[in-house]
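K.L.:
So I've got this file, model-v3.txt, and it contains compact mmCIF, C-alpha atoms and all ligand atoms:
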# COMPACT_ATOMS: atom_id res chain seq x y z
CA MET T 1 9.08 -7.85 -4.16
CA SER T 2 11.52 -10.28 -2.69
CA HIS T 3 14.96 -9.15 -1.80
CA ASP T 4 16.24 -12.46 -2.98
CA ASP T 5 15.75 -11.56 -6.58
CA GLU T 6 18.67 -11.31 -8.90
CA PRO T 7 19.42 -7.82 -10.13
CA ARG T 8 16.27 -7.65 -12.11
CA GLU T 9 17.38 -9.34 -15.26
CA GLY T 10 13.89 -10.52 -15.98
CA ALA T 11 11.85 -7.70 -14.55
CA ALA T 12 8.59 -6.90 -16.23
CA ASP T 13 8.24 -4.65 -19.19
CA GLY T 14 9.35 -1.24 -18.24
CA ASP T 15 11.10 -2.84 -15.31
CA ARG T 16 13.88 -4.03 -17.47
CA PRO T 17 17.11 -4.05 -15.62
CA ARG T 18 19.77 -1.52 -16.10
CA GLU T 19 23.01 -3.26 -16.67
CA ASP T 20 24.65 -3.95 -13.38
CA ALA T 21 22.00 -2.16 -11.38
CA VAL T 22 22.37 -2.98 -7.73
CA HIS T 23 20.62 -0.94 -5.14
CA GLY T 24 19.42 -1.31 -1.69
CA GLU T 25 16.12 -0.31 -0.29
CA ARG T 26 16.01 1.69 2.85
CA PRO T 27 12.72 2.95 4.10
CA CYS T 28 13.97 6.37 5.04
CA ALA T 29 13.90 9.70 3.32
CA VAL T 30 15.93 9.64 0.22
CA ILE T 31 18.96 11.73 0.61
CA GLY T 32 20.76 13.41 3.34
CA ASP T 33 18.07 13.64 5.94
CA ARG T 34 20.38 12.60 8.71
CA PRO T 35 24.09 12.09 9.19
CA ARG T 36 25.31 8.55 9.05
CA GLU T 37 28.52 6.67 9.74
CA GLY T 38 29.75 9.29 12.18
CA ALA T 39 31.26 11.41 9.44
CA ALA T 40 30.89 15.11 9.96
CA LYS T 41 30.37 17.38 6.99
CA GLY T 42 33.63 17.85 5.22
CA ASP T 43 35.38 15.51 7.60
CA ARG T 44 38.24 14.38 5.42
CA GLU T 45 39.19 11.61 7.79
CA GLY T 46 35.64 10.26 7.87
CA GLY T 47 34.27 7.74 10.30
CA VAL T 48 36.93 8.05 12.96
CA ASP T 49 35.12 8.45 16.22
CA GLY T 50 36.92 9.38 19.40
CA GLY T 51 39.56 6.68 19.31
CA ARG T 52 37.17 3.85 18.56
CA ALA T 53 38.13 1.63 15.66
CA PRO T 54 36.50 3.11 12.58
CA GLU T 55 33.72 1.09 11.02
CA GLU T 56 34.70 -0.66 7.83
CA ALA T 57 32.33 -0.08 4.94
CA VAL T 58 34.22 -2.38 2.60
CA THR T 59 36.74 -5.02 3.55
CA VAL T 60 38.49 -6.94 0.80
CA THR T 61 41.01 -9.61 1.73
CA GLY T 62 43.01 -11.67 -0.74
CA LEU T 63 40.44 -11.31 -3.52
CA ARG T 64 41.26 -13.14 -6.72
CA TYR T 65 39.21 -13.24 -9.87
CA ALA T 66 40.10 -14.72 -13.24
CA PHE T 67 38.32 -14.68 -16.58
CA GLY T 68 39.31 -18.08 -17.89
CA ARG T 69 43.08 -18.15 -17.68
CA SER T 70 43.40 -14.39 -17.47
CA THR T 71 43.77 -13.10 -13.92
CA ALA T 72 41.97 -9.78 -13.46
CA VAL T 73 42.23 -9.40 -9.68
CA ASP T 74 45.26 -10.98 -8.10
CA GLY T 75 45.17 -10.96 -4.32
CA LEU T 76 43.51 -7.63 -3.62
CA ASP T 77 43.50 -6.27 -0.07
CA LEU T 78 41.50 -3.13 0.56
CA THR T 79 39.63 -1.44 3.37
CA VAL T 80 37.23 1.46 2.89
CA THR T 81 36.35 3.24 6.11
CA ALA T 82 32.75 4.26 6.74
CA GLY T 83 32.14 7.85 5.74
CA GLU T 84 35.18 8.34 3.54
CA VAL T 85 35.45 9.01 -0.18
CA PHE T 86 37.79 6.33 -1.42
CA GLY T 87 39.28 6.40 -4.90
CA LEU T 88 40.30 3.23 -6.70
CA LEU T 89 42.72 4.27 -9.41
CA GLY T 90 44.61 2.31 -11.98
CA PRO T 91 45.33 2.00 -15.69
CA ASN T 92 42.97 0.31 -18.12
CA GLY T 93 42.69 -3.36 -17.29
CA ALA T 94 44.04 -2.98 -13.74
CA GLY T 95 41.04 -4.89 -12.39
CA LYS T 96 39.08 -2.03 -10.84
CA THR T 97 35.69 -2.86 -12.36
CA THR T 98 36.12 -6.56 -11.72
CA ALA T 99 36.90 -5.89 -8.06
CA ILE T 100 33.95 -3.53 -7.76
CA ARG T 101 31.63 -6.05 -9.32
CA CYS T 102 32.70 -8.54 -6.65
CA VAL T 103 31.89 -5.96 -3.97
CA THR T 104 28.45 -5.34 -5.48
CA THR T 105 27.75 -9.11 -5.59
CA LEU T 106 27.47 -9.04 -9.39
CA LEU T 107 30.44 -11.36 -9.63
CA PRO T 108 31.13 -14.22 -7.23
CA VAL T 109 34.17 -14.24 -4.96
CA PRO T 110 36.09 -17.34 -6.07
CA ALA T 111 38.97 -16.74 -3.66
CA GLY T 112 39.42 -14.38 -0.75
CA MET T 113 36.79 -12.52 1.20
CA VAL T 114 34.72 -9.38 0.65
CA LYS T 115 32.54 -7.75 3.29
CA VAL T 116 30.26 -4.72 3.14
CA PHE T 117 29.51 -3.24 6.56
CA GLY T 118 30.41 -6.62 8.02
CA HIS T 119 28.18 -8.64 5.69
CA ASP T 120 30.00 -11.26 3.67
CA VAL T 121 29.06 -10.77 0.01
CA SER T 122 29.20 -14.51 -0.62
CA THR T 123 26.89 -15.58 2.17
CA ASP T 124 24.80 -12.48 2.83
CA ARG T 125 24.25 -11.18 -0.66
CA MET T 126 20.87 -9.56 -0.25
CA ALA T 127 21.87 -7.73 2.91
CA VAL T 128 24.81 -6.32 0.96
CA ARG T 129 22.62 -5.24 -1.93
CA ARG T 130 20.30 -3.37 0.39
CA LEU T 131 23.20 -1.22 1.51
CA LEU T 132 24.47 -0.32 -1.93
CA GLY T 133 23.87 2.22 -4.62
CA TYR T 134 25.83 1.52 -7.77
CA VAL T 135 26.51 3.63 -10.82
CA PRO T 136 28.12 1.24 -13.29
CA GLN T 137 30.70 2.14 -15.88
CA GLN T 138 28.21 1.35 -18.62
CA LEU T 139 25.14 3.33 -19.48
CA SER T 140 22.27 2.43 -17.16
CA ALA T 141 19.57 4.99 -17.99
CA ASP T 142 16.77 4.36 -20.49
CA SER T 143 16.60 6.94 -23.25
CA SER T 144 12.94 6.30 -23.95
CA LEU T 145 11.82 7.21 -20.44
CA THR T 146 11.80 10.60 -18.76
CA GLY T 147 14.26 11.32 -16.00
CA ARG T 148 11.51 10.94 -13.44
CA GLU T 149 10.37 7.64 -14.92
CA ASN T 150 13.92 6.31 -14.84
CA VAL T 151 14.34 7.14 -11.17
CA SER T 152 10.81 5.94 -10.33
CA LEU T 153 11.63 2.64 -11.88
CA PHE T 154 14.59 2.21 -9.57
CA ALA T 155 12.51 3.30 -6.60
CA ARG T 156 9.89 0.70 -7.44
CA VAL T 157 12.28 -2.10 -8.26
CA PHE T 158 14.18 -1.53 -5.05
CA ASP T 159 11.18 -1.36 -2.82
CA VAL T 160 10.96 2.25 -1.82
CA PRO T 161 7.55 2.23 -0.11
CA ARG T 162 4.81 3.25 -2.51
CA ARG T 163 3.54 6.17 -0.47
CA GLU T 164 7.02 7.68 -0.24
CA ARG T 165 8.02 7.03 -3.80
CA ALA T 166 6.96 10.19 -5.58
CA GLU T 167 8.54 12.42 -2.99
CA ARG T 168 11.77 10.49 -2.81
CA VAL T 169 12.08 10.38 -6.57
CA ALA T 170 11.58 14.14 -6.65
CA GLN T 171 14.19 14.57 -3.91
CA ALA T 172 16.69 12.41 -5.76
CA LEU T 173 16.20 14.39 -8.96
CA GLU T 174 16.49 17.63 -7.03
CA ALA T 175 19.67 16.44 -5.35
CA VAL T 176 21.37 15.96 -8.70
CA GLY T 177 20.04 19.18 -10.22
CA LEU T 178 17.54 17.57 -12.57
CA ALA T 179 14.27 18.82 -11.09
CA GLU T 180 13.51 21.05 -14.04
CA ALA T 181 14.47 18.49 -16.65
CA ALA T 182 12.74 15.64 -14.81
CA ASP T 183 9.90 15.27 -17.26
CA ARG T 184 11.99 15.37 -20.41
CA MET T 185 12.96 12.16 -22.14
CA ALA T 186 16.41 11.05 -21.00
CA GLY T 187 17.28 10.75 -24.67
CA THR T 188 17.43 14.53 -24.83
CA TYR T 189 19.87 14.82 -21.93
CA SER T 190 23.53 15.76 -22.30
CA GLY T 191 26.22 13.34 -21.15
CA GLY T 192 26.57 15.15 -17.83
CA MET T 193 22.83 15.07 -17.23
CA VAL T 194 22.72 11.36 -17.99
CA ARG T 195 25.42 10.68 -15.44
CA ARG T 196 23.57 12.77 -12.87
CA LEU T 197 20.38 10.87 -13.69
CA GLU T 198 22.21 7.61 -13.04
CA LEU T 199 23.40 9.08 -9.78
CA ALA T 200 19.79 9.86 -8.83
CA GLN T 201 18.86 6.28 -9.68
CA ALA T 202 21.52 5.03 -7.30
CA LEU T 203 20.60 7.52 -4.57
CA VAL T 204 16.86 6.99 -4.49
CA SER T 205 17.30 4.01 -2.17
CA ALA T 206 19.41 6.11 0.26
CA PRO T 207 22.39 3.77 0.18
CA ARG T 208 24.98 3.68 2.95
CA LEU T 209 27.61 2.88 0.36
CA LEU T 210 27.64 4.54 -3.05
CA ILE T 211 29.85 2.86 -5.63
CA LEU T 212 30.67 4.81 -8.76
CA ASP T 213 32.63 3.30 -11.62
CA GLU T 214 34.13 6.16 -13.62
CA PRO T 215 31.27 8.56 -13.00
CA THR T 216 32.77 11.34 -15.09
CA ILE T 217 34.45 9.53 -17.94
CA GLY T 218 34.02 11.33 -21.23
CA LEU T 219 32.42 14.41 -19.69
CA ASP T 220 33.59 17.95 -20.25
CA PRO T 221 35.19 19.73 -17.29
CA ILE T 222 32.05 21.62 -16.34
CA ALA T 223 29.91 18.50 -16.44
CA ARG T 224 32.55 16.65 -14.40
CA THR T 225 32.46 19.32 -11.74
CA GLY T 226 28.66 19.20 -11.79
CA VAL T 227 28.61 15.47 -11.13
CA TRP T 228 31.14 15.76 -8.29
CA ASP T 229 29.38 18.73 -6.72
CA HIS T 230 26.26 16.65 -6.40
CA ILE T 231 28.08 13.59 -5.10
CA MET T 232 29.85 15.65 -2.46
CA ALA T 233 26.71 17.52 -1.43
CA VAL T 234 24.78 14.31 -0.85
CA ARG T 235 27.73 12.77 0.90
CA ALA T 236 28.13 15.76 3.20
CA ALA T 237 24.46 15.70 4.10
CA SER T 238 24.12 11.95 4.57
CA GLY T 239 27.57 10.75 5.61
CA MET T 240 27.36 7.92 3.11
CA THR T 241 30.55 6.16 2.12
CA VAL T 242 31.72 6.62 -1.46
CA LEU T 243 33.89 4.19 -3.40
CA VAL T 244 34.78 5.59 -6.79
CA THR T 245 37.03 4.72 -9.70
CA THR T 246 38.39 7.41 -11.94
CA HIS T 247 41.13 7.96 -14.46
CA TYR T 248 41.19 11.65 -13.65
CA MET T 249 43.97 12.24 -11.16
CA ASP T 250 42.83 15.80 -10.51
CA GLU T 251 39.45 14.47 -9.36
CA ALA T 252 41.06 11.91 -7.10
CA ASP T 253 43.31 14.57 -5.64
CA GLN T 254 40.48 17.00 -5.05
CA TYR T 255 37.69 14.76 -3.82
CA CYS T 256 39.11 11.55 -2.38
CA ASP T 257 40.10 11.19 1.27
CA ARG T 258 42.26 8.20 0.37
CA VAL T 259 43.20 6.49 -2.85
CA ALA T 260 44.50 3.07 -3.80
CA LEU T 261 46.57 2.73 -6.94
CA MET T 262 45.80 -0.61 -8.49
CA HIS T 263 47.96 -2.26 -11.10
CA GLN T 264 47.75 -5.77 -12.51
CA GLY T 265 45.10 -6.83 -10.07
CA ARG T 266 46.70 -5.58 -6.86
CA VAL T 267 47.03 -2.45 -4.78
CA ARG T 268 50.49 -0.98 -5.32
CA ALA T 269 50.15 2.23 -3.32
CA LEU T 270 47.65 3.42 -0.75
CA GLY T 271 47.14 6.59 1.24
CA THR T 272 45.85 10.12 1.14
CA PRO T 273 46.70 11.93 -2.10
CA ARG T 274 48.93 14.18 -0.03
CA SER T 275 50.83 11.35 1.65
CA LEU T 276 51.45 9.65 -1.69
CA THR T 277 52.84 12.76 -3.32
CA ASP T 278 54.89 13.54 -0.20
CA ASP T 279 56.38 10.04 -0.24
CA LEU T 280 57.35 10.36 -3.88
CA ARG T 281 58.82 13.80 -3.29
CA ALA T 282 60.96 12.41 -0.47
CA ARG T 283 62.02 9.49 -2.62
CA LEU T 284 62.97 11.65 -5.59
CA GLY T 285 64.80 14.11 -3.36
CA ASP T 286 65.37 16.48 -6.25
CA GLY T 287 63.27 19.37 -5.00
CA SER T 288 60.46 18.67 -7.48
CA SER T 289 56.77 18.71 -6.52
CA PRO T 290 55.26 15.53 -7.90
CA THR T 291 51.54 15.30 -8.55
CA LEU T 292 49.25 12.33 -8.03
CA GLU T 293 49.69 11.62 -11.72
CA ASP T 294 53.45 11.33 -11.14
CA VAL T 295 52.74 8.85 -8.35
CA PHE T 296 50.50 6.96 -10.71
CA ARG T 297 53.20 6.84 -13.39
CA ASP T 298 55.69 5.72 -10.80
CA VAL T 299 53.43 2.84 -9.80
CA ALA T 300 52.02 1.88 -13.18
CA GLY T 301 55.10 2.54 -15.28
CA GLY T 302 54.37 2.63 -18.99
CA SER T 303 50.75 1.65 -18.53
CA LEU T 304 49.66 5.22 -18.16
CA ASP T 305 51.09 6.03 -21.56
CA ASP T 306 48.62 3.54 -22.98
CA LEU T 307 45.92 5.38 -21.12
CA ASP T 308 47.00 8.63 -22.71
CA LYS T 309 46.58 7.03 -26.09
CA GLY T 310 42.98 6.27 -25.25
CA GLY T 311 43.13 2.67 -24.11
CA GLU T 312 41.61 -0.27 -25.85
CA PHE T 313 38.66 -0.33 -28.19
CA ARG T 314 36.29 -1.32 -25.43
CA ASP T 315 37.35 1.69 -23.39
CA VAL T 316 36.77 4.06 -26.28
CA ARG T 317 33.39 2.57 -26.93
CA ARG T 318 32.52 2.80 -23.25
CA THR T 319 33.59 6.41 -23.13
CA ARG T 320 31.46 7.30 -26.08
CA ASN T 321 28.51 5.38 -24.75
CA THR T 322 28.58 7.37 -21.58
CA ALA T 323 29.45 10.72 -23.01
CA ALA T 324 27.07 10.71 -25.92
CA ARG T 325 23.44 11.62 -25.65
CA VAL T 326 21.51 8.55 -24.67
CA GLY T 327 19.25 8.38 -27.68
N1 LIG Y 401 33.96 -10.11 -19.19
C1 LIG Y 401 35.29 -10.27 -19.34
N2 LIG Y 401 35.78 -11.34 -19.99
C2 LIG Y 401 37.12 -11.52 -20.12
N3 LIG Y 401 38.06 -10.69 -19.64
C3 LIG Y 401 37.60 -9.61 -18.98
C4 LIG Y 401 36.22 -9.33 -18.80
N4 LIG Y 401 36.08 -8.18 -18.09
C5 LIG Y 401 37.34 -7.76 -17.86
N5 LIG Y 401 38.25 -8.61 -18.39
C6 LIG Y 401 39.70 -8.48 -18.29
O1 LIG Y 401 40.05 -8.38 -16.92
C7 LIG Y 401 41.07 -7.42 -16.74
C8 LIG Y 401 40.59 -6.36 -15.78
O2 LIG Y 401 39.52 -5.64 -16.38
P1 LIG Y 401 38.69 -4.55 -15.61
O3 LIG Y 401 37.57 -4.16 -16.50
O4 LIG Y 401 38.36 -5.04 -14.26
O5 LIG Y 401 39.77 -3.41 -15.50
P2 LIG Y 401 39.58 -1.87 -15.14
O6 LIG Y 401 40.66 -1.53 -14.19
O7 LIG Y 401 38.19 -1.62 -14.71
O8 LIG Y 401 39.89 -1.16 -16.52
P3 LIG Y 401 39.29 0.20 -17.15
O9 LIG Y 401 40.08 1.28 -16.52
O10 LIG Y 401 39.59 0.05 -18.60
O11 LIG Y 401 37.82 0.25 -16.86
C9 LIG Y 401 41.42 -6.90 -18.12
O12 LIG Y 401 42.51 -7.62 -18.60
C10 LIG Y 401 40.19 -7.19 -18.91
O13 LIG Y 401 40.48 -7.34 -20.27
MG MG Y 402 36.68 -0.40 -15.40
As structure tokens, how would this structure be written, given the file I've shared?
Ligand SMILES: Nc1ncnc2c1ncn2[C@@H]1O[C@H](COP(=O)(O)OP(=O)(O)OP(=O)(O)O)[C@@H](O)[C@H]1O
Ligand SMILES: [Mg+2]

P.N.:
Amino acid sequence: MSHDDEPREGAADGDRPREDAVHGERPCAVIGDRPREGAAKGDREGGVDGGRAPEEAVTVTGLRYAFGRSTAVDGLDLTVTAGEVFGLLGPNGAGKTTAIRCVTTLLPVPAGMVKVFGHDVSTDRMAVRRLLGYVPQQLSADSSLTGRENVSLFARVFDVPRRERAERVAQALEAVGLAEAADRMAGTYSGGMVRRLELAQALVSAPRLLILDEPTIGLDPIARTGVWDHIMAVRAASGMTVLVTTHYMDEADQYCDRVALMHQGRVRALGTPRSLTDDLRARLGDGSSPTLEDVFRDVAGGSLDDLDKGGEFRDVRRTRNTAARVG
């Protein structure tokens, strides 16, 4: 299969594309067989190597994207260092998904520049796709296939060598805790299992960069922890870079090395969760201990109140799509 294919919109029966599916193929064992990117296990700084400039997994400079006359991304600058877990936060409509879709090559870059491990997404699209695993905000698993069949499909579509496929699919399912449920129809899975299945789909190609758009939205706290446990375990074993969006500030605080708070298409605050809360504490000067959510409110103003109310219709629908059983 050519790497120059589009993201499988017209793939054969049973090969039908998952919405937004972008993966790379890497002919190496599936998950965590060797450290990459110079990031030690649990290295919260990630990728910094003895004074050398850290490798940039994602470089976004002056990105703009508009839907008609509505500007979604408005001069975004962002750098994700190889090996780190980077959280892109922001209220509904901030432009997170649009920006991510530019990084994954699913949307063009009309203005500005986006690079993934030094490859320009506009001119080197297939090289970029080979480096990526992507779990989109929308549902991307097929309810009428088993878990194993879903992951196998991704392995096949993204050129995992045939002789390695069965083992790597099994490893991917194992890595997300779905080995026992692998031969059940995905339509019988809970919301948390579906999200972990989608994670396995993204991991089967052993990506250097895993991009997750709201991986835990709509999940109960235990399922959320389950998804993150698996992400962090794979990341610790493989050193892959993780770029994630989430509305859950506690997740960002706990799991992200650095976060960017995006609002109205631009980054408004950037740093480690700790540095952001420290800055706000110093600014307030009233002896209080602000949380990341306070920082978020400070940056986004009233927008977070809208989030509390549940956002727009499309967000509610999206949440339910992801949280509900697939069937
Ligand atoms: N396909 C589209 N057509 C028109 N407008 C769009 C489209 N997709 C997004 N938008 C608009 O672009 C802006 C940014 O949307 P985007 O989905 O990138 O935000 P987001 O930060 O991912 O939000 P959420 O937290 O709700 O997922 C919003 O105003 C949104 O309504
Ligand atoms: Mg979004």

K.L.:
Between atom CA of T:Gln264 and atom CA of T:Arg283, what distance in Å does the model show, to one decimal?

P.N.:
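Distance between the two atoms: 23.1 Å.
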
K.L.:
For the interface of chain T with ligand MG 402 (chain Y) (cut-off 8 Å, counting all atoms listed in the file), please tabulate each contacting residue of chain T alongside its nearest pair of atoms and their separation in Å to one decimal, rows sorted by chain and increasing number, as JSON lines.

P.N.:
{"residue": "T:Asn92", "atom": "CA", "partner": "Y:MG402", "partner_atom": "MG", "distance": 6.9}
{"residue": "T:Gly93", "atom": "CA", "partner": "Y:MG402", "partner_atom": "MG", "distance": 7.0}
{"residue": "T:Ala94", "atom": "CA", "partner": "Y:MG402", "partner_atom": "MG", "distance": 8.0}
{"residue": "T:Gly95", "atom": "CA", "partner": "Y:MG402", "partner_atom": "MG", "distance": 6.9}
{"residue": "T:Lys96", "atom": "CA", "partner": "Y:MG402", "partner_atom": "MG", "distance": 5.4}
{"residue": "T:Thr97", "atom": "CA", "partner": "Y:MG402", "partner_atom": "MG", "distance": 4.0}
{"residue": "T:Thr98", "atom": "CA", "partner": "Y:MG402", "partner_atom": "MG", "distance": 7.2}
{"residue": "T:Gln137", "atom": "CA", "partner": "Y:MG402", "partner_atom": "MG", "distance": 6.5}
{"residue": "T:Asp213", "atom": "CA", "partner": "Y:MG402", "partner_atom": "MG", "distance": 6.7}
{"residue": "T:Glu214", "atom": "CA", "partner": "Y:MG402", "partner_atom": "MG", "distance": 7.3}
{"residue": "T:Thr245", "atom": "CA", "partner": "Y:MG402", "partner_atom": "MG", "distance": 7.7}

K.L.:
Could you please give me, as number ranges by chain, the residues of protein, DNA or RNA lying at most 12 Å from (15.9, 19.2, -17.4) in the coordinate frame of the file, considering only C-alpha atoms?

P.N.:
T: 146-148, 173-174, 176-190, 192-194, 196-197

K.L.:
Using all atoms listed in the file, pick whichever of T:Leu89, T:Leu219, T:Ala252, T:Ala236 has the shortest atom-to-atom distance to T:Ala269.

P.N.:
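Among the listed residues, the smallest separation from T:Ala269 belongs to T:Leu89.
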
K.L.:
Between atom CA of T:Cys102 and atom CA of T:His230, what is the spacing in Å?

P.N.:
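Pair atom CA of T:His230 / atom CA of T:Cys102 returns 26.0 Å.
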
K.L.:
My list of candidates is T:Arg274, T:Arg101, T:Arg195, T:Arg64. Which is closest to T:Cys256 when distances are computed with only C-alpha atoms?

P.N.:
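Closest to T:Cys256 of all the choices is T:Arg274.
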
K.L.:
Report, in Å to a single decimal, how far apart atom O5 of ligand LIG 401 (chain Y) and atom CA of T:Arg69 are.

P.N.:
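Value for the atom CA of T:Arg69-atom O5 of ligand LIG 401 (chain Y) distance: 15.3 Å.
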
K.L.:
Quick one: of T:Gly191, T:Gly265, T:Gly87, T:Gly133, who's nearest to ligand LIG 401 (chain Y), counting only C-alpha atoms and all ligand atoms?

P.N.:
T:Gly265

K.L.:
When you count only C-alpha atoms, which of these residues is closest to T:Glu149: T:Ala170, T:Ala57, T:Ala237, T:Val128?

P.N.:
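Among the listed residues, T:Ala170 lies closest to T:Glu149.
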
K.L.:
Looking at T:His247, T:Arg266, T:Arg224, T:Arg162, which one is nearest to ligand LIG 401 (chain Y), with distances taken over all atoms listed in the file?

P.N.:
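Among T:His247, T:Arg266, T:Arg224, T:Arg162, it is T:His247 that comes nearest to ligand LIG 401 (chain Y).
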
K.L.:
Quick one: stretch 211-260 of chain T with C-alpha atoms, as a compact mmCIF listing (two decimals), in the first residue's frame?

P.N.:
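Dumped to decode16.txt:
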# COMPACT_ATOMS: atom_id res chain seq x y z
CA ILE T 211 -1.89 12.79 19.52
CA LEU T 212 -4.99 12.40 21.65
CA ASP T 213 -7.96 14.72 21.31
CA GLU T 214 -9.93 14.55 24.56
CA PRO T 215 -9.14 10.91 25.24
CA THR T 216 -11.20 10.76 28.42
CA ILE T 217 -14.16 12.98 27.69
CA GLY T 218 -17.37 11.57 29.07
CA LEU T 219 -15.69 8.75 30.96
CA ASP T 220 -16.19 8.01 34.63
CA PRO T 221 -13.24 8.67 36.94
CA ILE T 222 -12.13 5.06 37.04
CA ALA T 223 -12.24 4.71 33.27
CA ARG T 224 -10.35 8.00 32.93
CA THR T 225 -7.61 6.74 35.19
CA GLY T 226 -7.52 3.49 33.24
CA VAL T 227 -6.97 5.30 29.95
CA TRP T 228 -4.22 7.49 31.43
CA ASP T 229 -2.50 4.57 33.14
CA HIS T 230 -2.13 2.89 29.79
CA ILE T 231 -0.99 6.03 28.00
CA MET T 232 1.65 6.68 30.65
CA ALA T 233 2.84 3.08 30.73
CA VAL T 234 3.39 3.00 26.99
CA ARG T 235 5.00 6.40 27.07
CA ALA T 236 7.36 5.39 29.85
CA ALA T 237 8.39 2.26 28.00
CA SER T 238 8.77 3.81 24.56
CA GLY T 239 9.65 7.45 25.20
CA MET T 240 7.08 8.54 22.65
CA THR T 241 5.92 12.14 22.68
CA VAL T 242 2.31 12.77 23.68
CA LEU T 243 0.23 15.76 22.63
CA VAL T 244 -3.15 15.70 24.32
CA THR T 245 -6.16 17.95 24.69
CA THR T 246 -8.37 17.72 27.71
CA HIS T 247 -10.96 19.72 29.56
CA TYR T 248 -10.05 18.02 32.80
CA MET T 249 -7.64 20.26 34.66
CA ASP T 250 -6.85 17.56 37.20
CA GLU T 251 -5.62 15.31 34.37
CA ALA T 252 -3.50 18.07 32.91
CA ASP T 253 -2.04 18.79 36.32
CA GLN T 254 -1.28 15.17 37.04
CA TYR T 255 -0.02 13.88 33.72
CA CYS T 256 1.28 16.76 31.60
CA ASP T 257 4.88 17.96 31.74
CA ARG T 258 3.81 21.26 30.20
CA VAL T 259 0.52 22.78 29.19
CA ALA T 260 -0.58 25.53 26.86
